[in-house]
Amino acid sequence: MLNARDILGVTITDESEDKISEYVFDAIKSGKKKLFITTPNPEILVYANHHLDYKDKLNRADVSLPDGIGLVVASAFLGKSVKTRIAGVDFMEKLCKDSEKNPVSMGFLGGKHGVAEKTALCLQKKYPWIKVGFIGEEWGVANLSDPQLGGEQKRASPPAREARQGRTDDDVSPHFTPAPIDILFVAYGAPKQEEWISENLERLPIKAAMGVGGAFDYLSGRVPRAPKILRMVGLEWLFRLIIQPWRIWRQLSLIAFIYLVCKEFLKKRTA
């Protein structure tokens with residue numbers, strides 16, 4: 001079992017990146033339990049505080065990476081320090097790197113048009129041992145047959161017309177079963193990706209699913225990532241705000257996060 005901390009009612013995994021990666025590959029090998037991996041950050045915790053059903057879904061996760069320096073700082077302030085920040089995009093690369101000794105097939109689901117394919121290509125160029133089993137914007141619709149992406153996958157047949165009637169993009173058609181894969185990276189963004197995984201994990205032919213938010217944008221090179229020095233000092237959020245000014249509205253959730261953390265702190269002091 002992995003150690004964990006409770007931050008604002010959400011369970012956060014408190015382990016090193018190496019230990020978490022080992023845990024994931026061991027679980028995949030054993031096949032005893034399907035893994036649900038999330039990447040909570042301050043914005044997600046604020047949303048979960050106001051949407052209890054979503055909070056419940058987050059707390060069903062087997063691994064909850066502390067993605068966001070604000071979460072790490074808040075955990076220390078509340079006396080529940082987590083070891084370190086583990087960004088979802090970094091953990092994706094960690095799994096790719098470690099898969100050299102732990103062969104697995106990977107799937108890339110979501111992102112804007114073409115970004116999943118570009119992500120897979122970029123990762124395979126960097127980690128040539130990666131085996132890609134699925135790529136698409138929605139499950140059961142697009143699966144590349146590009147020989148550069150694993151060479152073994154085949155284009156998935158779309159569900160029959162009868163099966164597609166009344167089907168939404170978030171549904172998994174019971175009449176369509178793609179080839180099994182080990183790890184599915186889902187880039188629908190929060191909260192949609194966590195809700196989708198929670199609702200569909202048990203009926204998908206996969207062994208683990210991870211919500212990765214905007215990781216495809218970074219890994220594909222579509223959006224530049226902050227220099228490593230800024231990431232190390234916890235200023236990646238500022239770099240993102242500079243290159244994407246529209247994120248100011250999302251950054252305002254940090255004010256709500258600080259309020260919730262202070263409220264929790266005072267609650268503990270007066271208890």
# chains A, B, ... in the order shown; residues from 1 in each chain; ligands from 1
>>> select_by_dssp(residues="segment 20-238 of chain A", states="strand (DSSP E or B)", output="ChimeraX atom specification")
/A:35-38,63-64,105-110,131-136,181-187,206-211
>>> write_last_selection(atoms="C-alpha atoms", output="short mmCIF file (atom, residue, chain, number, x, y, z; two decimals), in the first residue's frame")
data_model
loop_
_atom_site.label_atom_id
_atom_site.label_comp_id
_atom_site.auth_asym_id
_atom_site.auth_seq_id
_atom_site.Cartn_x
_atom_site.Cartn_y
_atom_site.Cartn_z
CA LEU A 35 -5.66 1.18 -11.31
CA PHE A 36 -7.21 4.65 -11.33
CA ILE A 37 -4.56 7.40 -11.30
CA THR A 38 -5.39 11.08 -10.76
CA VAL A 63 -2.85 6.85 -6.91
CA SER A 64 -3.36 10.62 -6.49
CA SER A 105 1.15 -1.24 -24.14
CA MET A 106 -0.11 2.34 -23.87
CA GLY A 107 -3.15 4.20 -25.12
CA PHE A 108 -3.61 7.93 -25.74
CA LEU A 109 -7.16 9.23 -25.50
CA GLY A 110 -8.38 12.81 -25.89
CA LYS A 131 4.35 -0.03 -27.59
CA VAL A 132 1.31 2.04 -28.59
CA GLY A 133 -1.98 0.14 -28.55
CA PHE A 134 -4.56 2.89 -29.01
CA ILE A 135 -4.78 6.52 -30.12
CA GLY A 136 -7.95 8.54 -30.50
CA ILE A 181 -3.98 -2.27 -23.48
CA ASP A 182 -2.18 -1.82 -20.17
CA ILE A 183 -2.18 1.94 -19.49
CA LEU A 184 -4.65 4.43 -20.93
CA PHE A 185 -3.75 8.13 -20.67
CA VAL A 186 -6.92 10.24 -20.75
CA ALA A 187 -6.57 13.91 -21.69
CA ILE A 206 -7.31 -1.87 -19.80
CA LYS A 207 -5.36 -2.41 -16.59
CA ALA A 208 -4.76 1.21 -15.58
CA ALA A 209 -6.10 4.64 -16.52
CA MET A 210 -4.59 8.02 -15.74
CA GLY A 211 -6.14 11.45 -16.15
#
>>> residues_around(residues="Asp14 of chain A", least_positions_apart="2", cutoff="12 Å", atoms="only C-alpha atoms", output="PyMOL selection string")
chain A and resi 1-7+11-12+16-20+62-67+71-72+75+80-86
>>> write_last_selection(atoms="N, CA and C atoms", output="short mmCIF file (atom, residue, chain, number, x, y, z; two decimals), in the first residue's frame")
data_model
loop_
_atom_site.label_atom_id
_atom_site.label_comp_id
_atom_site.auth_asym_id
_atom_site.auth_seq_id
_atom_site.Cartn_x
_atom_site.Cartn_y
_atom_site.Cartn_z
N MET A 1 0.83 -1.21 0.00
CA MET A 1 0.00 0.00 0.00
C MET A 1 0.87 1.26 0.00
N LEU A 2 0.36 2.28 -0.63
CA LEU A 2 1.07 3.54 -0.69
C LEU A 2 0.62 4.46 0.44
N ASN A 3 1.56 5.19 1.02
CA ASN A 3 1.20 6.16 2.05
C ASN A 3 0.42 7.30 1.41
N ALA A 4 -0.48 7.89 2.21
CA ALA A 4 -1.31 8.97 1.67
C ALA A 4 -1.62 9.99 2.75
N ARG A 5 -1.97 11.20 2.31
CA ARG A 5 -2.37 12.29 3.19
C ARG A 5 -3.75 12.79 2.78
N ASP A 6 -4.47 13.32 3.73
CA ASP A 6 -5.77 13.90 3.44
C ASP A 6 -5.62 15.42 3.39
N ILE A 7 -5.83 16.00 2.22
CA ILE A 7 -5.74 17.44 2.04
C ILE A 7 -7.11 17.95 1.58
N THR A 11 -7.74 12.48 -0.77
CA THR A 11 -6.57 11.65 -0.49
C THR A 11 -5.47 11.93 -1.51
N ILE A 12 -4.27 12.22 -1.01
CA ILE A 12 -3.11 12.52 -1.86
C ILE A 12 -2.00 11.52 -1.56
N SER A 16 7.55 8.55 -3.16
CA SER A 16 8.46 9.01 -4.20
C SER A 16 7.95 8.56 -5.57
N GLU A 17 8.41 9.24 -6.61
CA GLU A 17 8.02 8.89 -7.97
C GLU A 17 8.44 7.47 -8.31
N ASP A 18 9.62 7.06 -7.85
CA ASP A 18 10.11 5.70 -8.12
C ASP A 18 9.19 4.65 -7.50
N LYS A 19 8.79 4.87 -6.26
CA LYS A 19 7.95 3.88 -5.59
C LYS A 19 6.57 3.79 -6.22
N ILE A 20 6.03 4.94 -6.63
CA ILE A 20 4.72 4.92 -7.27
C ILE A 20 4.79 4.20 -8.61
N ASP A 62 -6.53 4.98 -6.91
CA ASP A 62 -5.49 4.19 -6.25
C ASP A 62 -4.22 5.00 -6.08
N VAL A 63 -4.01 5.95 -6.98
CA VAL A 63 -2.85 6.85 -6.91
C VAL A 63 -3.34 8.27 -7.19
N SER A 64 -2.99 9.21 -6.31
CA SER A 64 -3.36 10.62 -6.49
C SER A 64 -2.09 11.45 -6.40
N LEU A 65 -1.51 11.77 -7.53
CA LEU A 65 -0.25 12.50 -7.55
C LEU A 65 -0.44 13.96 -7.12
N PRO A 66 0.42 14.47 -6.23
CA PRO A 66 0.35 15.88 -5.81
C PRO A 66 0.87 16.79 -6.90
N ASP A 67 -0.01 17.14 -7.85
CA ASP A 67 0.39 17.93 -9.01
C ASP A 67 0.08 19.41 -8.73
N LEU A 71 -0.32 22.80 -3.67
CA LEU A 71 -0.80 21.68 -2.86
C LEU A 71 0.28 21.22 -1.89
N VAL A 72 1.52 21.20 -2.35
CA VAL A 72 2.63 20.79 -1.48
C VAL A 72 2.82 21.79 -0.34
N SER A 75 -0.02 21.43 2.16
CA SER A 75 0.10 20.23 2.98
C SER A 75 1.05 20.48 4.15
N LYS A 80 0.58 18.20 7.22
CA LYS A 80 0.41 16.91 6.54
C LYS A 80 1.32 16.84 5.32
N SER A 81 2.55 17.24 5.49
CA SER A 81 3.48 17.41 4.37
C SER A 81 3.59 16.18 3.48
N VAL A 82 3.45 16.41 2.18
CA VAL A 82 3.73 15.37 1.21
C VAL A 82 5.18 15.55 0.77
N LYS A 83 5.81 14.47 0.36
CA LYS A 83 7.25 14.49 0.09
C LYS A 83 7.65 15.48 -1.00
N THR A 84 6.92 15.46 -2.09
CA THR A 84 7.32 16.30 -3.22
C THR A 84 6.19 16.43 -4.22
N ARG A 85 6.27 17.44 -5.05
CA ARG A 85 5.31 17.59 -6.13
C ARG A 85 5.66 16.60 -7.23
N ILE A 86 4.64 15.95 -7.81
CA ILE A 86 4.85 15.05 -8.94
C ILE A 86 3.85 15.47 -10.02
#
>>> atom_distance(atom1="atom CA of His51 of chain A", atom2="atom CA of Gly9 of chain A")
11.8 Å
>>> residues_around(residues="Phe216 of chain A", least_positions_apart="5", cutoff="9 Å", atoms="only C-alpha atoms", output="list in words")
Val89, Phe108, Gly110, Gly111, Val115, Ala116, Lys118, Thr119, Ala120, Ala187, Gly221, Arg222 and Val223 of chain A
>>> write_last_selection(atoms="C-alpha atoms", output="mmCIF file, in the first residue's frame")
data_model
loop_
_atom_site.group_PDB
_atom_site.id
_atom_site.type_symbol
_atom_site.label_atom_id
_atom_site.label_comp_id
_atom_site.auth_asym_id
_atom_site.auth_seq_id
_atom_site.Cartn_x
_atom_site.Cartn_y
_atom_site.Cartn_z
ATOM 1 C CA VAL A 89 3.286 15.108 -17.355
ATOM 2 C CA PHE A 108 -3.608 7.929 -25.738
ATOM 3 C CA GLY A 110 -8.385 12.813 -25.885
ATOM 4 C CA GLY A 111 -6.701 16.104 -26.591
ATOM 5 C CA VAL A 115 -2.395 16.043 -30.506
ATOM 6 C CA ALA A 116 -2.710 12.460 -29.198
ATOM 7 C CA LYS A 118 1.742 13.762 -32.090
ATOM 8 C CA THR A 119 2.245 12.918 -28.412
ATOM 9 C CA ALA A 120 2.678 9.223 -29.181
ATOM 10 C CA ALA A 187 -6.571 13.914 -21.687
ATOM 11 C CA GLY A 221 5.423 20.344 -28.251
ATOM 12 C CA ARG A 222 2.156 22.138 -28.959
ATOM 13 C CA VAL A 223 2.590 24.256 -25.814
#
>>> residues_around(residues="Ala74 of chain A", least_positions_apart="4", cutoff="10 Å", atoms="only C-alpha atoms", output="NGL selection string")
:A and (7-8 or 42 or 69-70 or 78-82 or 257-258 or 260-262 or 265)
>>> residues_around(residues="Gly189 of chain A", least_positions_apart="4", cutoff="8 Å", atoms="only C-alpha atoms", output="ChimeraX atom specification")
/A:193,211-214
>>> atom_distance(atom1="atom CA of Gln124 of chain A", atom2="atom CA of Ile197 of chain A")
24.7 Å
>>> residues_around(residues="Glu194 of chain A", least_positions_apart="2", cutoff="8 Å", atoms="only C-alpha atoms", output="number ranges by chain")
A: 38, 57-58, 190-192, 196-198, 211
>>> residues_around(residues="Leu123 of chain A", least_positions_apart="3", cutoff="9 Å", atoms="only C-alpha atoms", output="list in words")
Glu93, Cys96, Lys118, Thr119, Ala120, Lys126, Tyr127, Pro128, Ile130, Leu219 and Ser220 of chain A
>>> closest_residue(among="A:Ala61, A:Val24, A:Leu45, A:Ala256", to="Glu195 of chain A", atoms="only C-alpha atoms")
A:Ala61
>>> atom_distance(atom1="atom CA of Val104 of chain A", atom2="atom CA of Phe25 of chain A")
8.6 Å
